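Note: the block below is start.txt and it holds compact mmCIF, C-alpha atoms.
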# COMPACT_ATOMS: atom_id res chain seq x y z
CA MET A 1 0.00 0.00 0.00
CA SER A 2 1.36 3.40 -0.87
CA ARG A 3 0.85 6.52 1.24
CA PRO A 4 -0.67 9.61 -0.28
CA SER A 5 1.91 12.24 -1.13
CA GLN A 6 1.58 15.92 -0.33
CA ALA A 7 3.06 18.73 -2.39
CA LYS A 8 3.48 22.35 -1.16
CA LEU A 9 2.73 25.10 -3.59
CA THR A 10 2.89 28.82 -2.87
CA THR A 11 0.27 30.94 -4.50
CA PRO A 12 1.73 34.09 -6.06
CA ASN A 13 -1.28 36.28 -5.25
CA GLN A 14 -1.28 35.51 -1.48
CA PRO A 15 2.18 35.64 0.14
CA GLY A 16 2.54 33.79 3.45
CA VAL A 17 -0.10 31.20 2.55
CA SER A 18 0.74 27.75 1.25
CA VAL A 19 -1.47 25.40 -0.68
CA ILE A 20 -1.54 21.69 0.07
CA GLN A 21 -2.72 19.40 -2.62
CA SER A 22 -3.78 15.97 -1.49
CA GLN A 23 -3.24 13.23 -3.96
CA VAL A 24 -5.04 10.07 -3.13
CA ALA A 25 -4.42 6.90 -5.10
CA ALA A 26 -8.04 6.77 -6.19
CA ALA A 27 -8.30 10.52 -6.87
CA ALA A 28 -9.86 11.75 -10.03
CA PRO A 29 -8.11 14.13 -12.43
CA SER A 30 -10.09 16.99 -10.88
CA ALA A 31 -7.90 16.96 -7.74
CA THR A 32 -7.29 20.69 -8.06
CA SER A 33 -10.77 21.31 -6.65
CA SER A 34 -9.68 19.81 -3.28
CA LEU A 35 -7.02 22.48 -2.61
CA GLN A 36 -6.94 24.07 0.85
CA GLN A 37 -5.25 27.26 2.00
CA VAL A 38 -3.19 26.90 5.19
CA PRO A 39 -1.19 29.72 6.85
CA GLN A 40 2.57 29.22 6.72
CA LEU A 41 4.64 29.22 9.91
CA ILE A 42 7.76 30.75 8.39
CA PRO A 43 9.31 33.67 10.33
CA ALA A 44 9.61 36.97 8.48
CA HIS A 45 13.35 37.12 9.21
CA PRO A 46 14.78 33.63 9.58
CA THR A 47 18.02 34.95 11.15
CA ALA A 48 16.28 36.57 14.16
CA ALA A 49 15.23 34.26 16.97
CA GLY A 50 11.51 34.80 17.42
CA GLY A 51 11.74 38.32 16.02
CA LYS A 52 13.72 39.55 19.04
CA ALA A 53 17.32 40.65 19.22
CA ALA A 54 19.56 38.54 21.44
CA PRO A 55 20.41 40.19 24.79
CA PRO A 56 23.99 41.44 25.16
CA SER A 57 24.85 38.64 27.60
CA LYS A 58 23.88 36.03 25.00
CA MET A 59 25.77 37.66 22.15
CA LYS A 60 29.04 36.01 21.33
CA LYS A 61 31.89 38.23 22.47
CA GLN A 62 34.99 38.48 20.43
CA GLN A 63 37.85 36.62 22.02
CA ALA A 64 40.62 39.06 22.82
CA ASP A 65 44.09 37.78 22.18
CA LYS A 66 45.66 36.91 25.53
CA ASP A 67 48.87 38.56 24.43
CA SER A 68 47.22 41.85 23.48
CA GLU A 69 47.66 45.06 25.46
CA GLU A 70 43.89 45.54 25.78
CA TYR A 71 43.44 42.07 27.31
CA ARG A 72 46.29 42.66 29.75
CA GLN A 73 44.82 46.02 30.82
CA ARG A 74 41.35 44.54 31.32
CA ARG A 75 42.75 41.68 33.39
CA GLU A 76 44.76 44.13 35.51
CA ARG A 77 41.71 46.33 36.11
CA ASN A 78 39.62 43.28 36.98
CA ASN A 79 42.26 41.96 39.38
CA LEU A 80 42.39 45.35 41.15
CA ALA A 81 38.60 45.47 41.38
CA VAL A 82 38.48 41.99 42.87
CA LYS A 83 41.21 42.84 45.36
CA LYS A 84 39.41 46.04 46.36
CA SER A 85 36.10 44.19 46.76
CA ARG A 86 37.68 41.54 48.98
CA MET A 87 39.32 44.21 51.13
CA ARG A 88 35.99 46.01 51.56
CA SER A 89 34.34 42.73 52.51
CA LYS A 90 37.00 41.95 55.12
CA GLN A 91 36.78 45.50 56.52
CA LYS A 92 33.01 45.24 56.78
CA ALA A 93 33.32 41.93 58.65
CA MET A 94 35.87 43.45 61.03
CA ASP A 95 33.66 46.49 61.66
CA THR A 96 30.69 44.24 62.34
CA GLN A 97 32.70 42.12 64.79
CA GLN A 98 33.91 45.26 66.57
CA ARG A 99 30.34 46.51 66.86
CA VAL A 100 29.24 43.13 68.26
CA ASN A 101 31.97 43.31 70.91
CA GLU A 102 31.00 46.88 71.85
CA LEU A 103 27.35 45.89 72.19
CA LYS A 104 28.24 42.88 74.34
CA GLU A 105 30.25 45.11 76.69
CA GLU A 106 27.42 47.65 76.86
CA ASN A 107 24.95 44.84 77.56
CA GLU A 108 27.10 43.56 80.44
CA ARG A 109 27.33 47.10 81.90
CA LEU A 110 23.58 47.56 81.64
CA GLU A 111 22.87 44.19 83.26
CA ALA A 112 25.21 45.09 86.15
CA LYS A 113 23.39 48.43 86.50
CA ILE A 114 20.04 46.59 86.57
CA LYS A 115 21.28 44.35 89.41
CA LEU A 116 22.57 47.36 91.35
CA LEU A 117 19.33 49.30 90.90
CA SER A 118 17.25 46.24 91.85
CA LYS A 119 19.23 45.87 95.08
CA GLU A 120 18.85 49.57 95.79
CA LEU A 121 15.09 49.35 95.17
CA SER A 122 14.81 46.39 97.51
CA VAL A 123 16.71 48.18 100.27
CA LEU A 124 14.65 51.35 99.88
CA LYS A 125 11.40 49.37 99.82
CA ASP A 126 12.38 47.59 103.03
CA LEU A 127 13.27 50.91 104.69
CA PHE A 128 9.98 52.44 103.62
CA LEU A 129 7.93 49.47 104.89
CA GLU A 130 9.83 49.46 108.20
CA HIS A 131 9.28 53.19 108.62
CA ALA A 132 5.58 52.89 107.72
CA HIS A 133 5.17 50.03 110.20
CA ASN A 134 6.87 52.06 112.98
CA LEU A 135 4.59 55.02 112.25
CA ALA A 136 1.51 52.80 112.42
CA ASP A 137 2.60 51.39 115.80
CA ASN A 138 3.32 54.85 117.30
CA VAL A 139 0.08 56.50 116.19
CA GLN A 140 -2.82 56.13 118.60
CA PRO A 141 -6.28 55.95 117.10
CA PRO A 142 -8.14 59.22 117.77
CA ALA A 143 -10.55 59.22 120.68
CA ALA A 144 -14.16 59.02 119.61
CA THR A 145 -15.40 62.46 120.57
CA ALA A 146 -18.59 64.05 119.38
CA GLY A 147 -16.94 67.32 118.31
CA ALA A 148 -14.03 65.75 116.43
CA SER A 149 -14.04 66.09 112.67
CA PRO A 150 -13.62 62.91 110.66
CA GLY A 151 -10.22 62.21 109.06
CA PRO A 152 -9.57 62.69 105.41
CA ASN A 153 -10.28 59.01 104.62
CA ALA A 154 -13.41 58.79 106.73
CA THR A 155 -16.77 59.12 105.02
CA SER A 156 -19.77 60.88 106.44
CA ALA A 157 -23.12 59.22 106.92
CA ASN A 158 -24.59 60.67 103.73
CA GLY A 159 -21.81 59.16 101.54
CA GLN A 160 -19.93 62.38 100.75
Rewrite the structure from the file as structure tokens, please.
Amino acid sequence: MSRPSQAKLTTPNQPGVSVIQSQVAAAAPSATSSLQQVPQLIPAHPTAAGGKAAPPSKMKKQQADKDSEEYRQRRERNNLAVKKSRMRSKQKAMDTQQRVNELKEENERLEAKIKLLSKELSVLKDLFLEHAHNLADNVQPPAATAGASPGPNATSANGQ
């Protein structure tokens, strides 16, 4: 059994459209009536990838001769830039470590100050409570007299 063959023909009056003619083994001589128009998938510029220009990073760079003056200068500049970058990185790490040490020392000083102030607060609180207790023991409650005015914390009978 033979397979039907397909031939591509381009019509001159419609660019970008191809015509496929199906030839079947049992086809009649009037096969030209079974022509179909199908859009072609051919790029307008076959050299451009998808119609876009390649980004600069993808473009092929010209290889500079390793013995050339330009190549030597570029390598020297790059080596200096790398050296400078590494020095900055080391300096930044040293500055960060110094700052960490300073903050640790400040934290220790502050914690010592907190302990000192807590002890001082405790001592002062104890002194205040002892003094308040001594005052309460030495004060006699006022005698209940009819002409005496109530104290500042006492309330009158009408709630004022």
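The coordinates place CA of Lys104 (chain A) at 27.0 Å from CA of Ser122 (chain A).
Across the structure, CA of Gln97 (chain A) and CA of Val82 (chain A) are spaced 22.7 Å apart.
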Report, in Å with one decimal, the straight-line distance from CA of Leu116 (chain A) to CA of His131 (chain A).
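These two atoms are separated by 22.6 Å.
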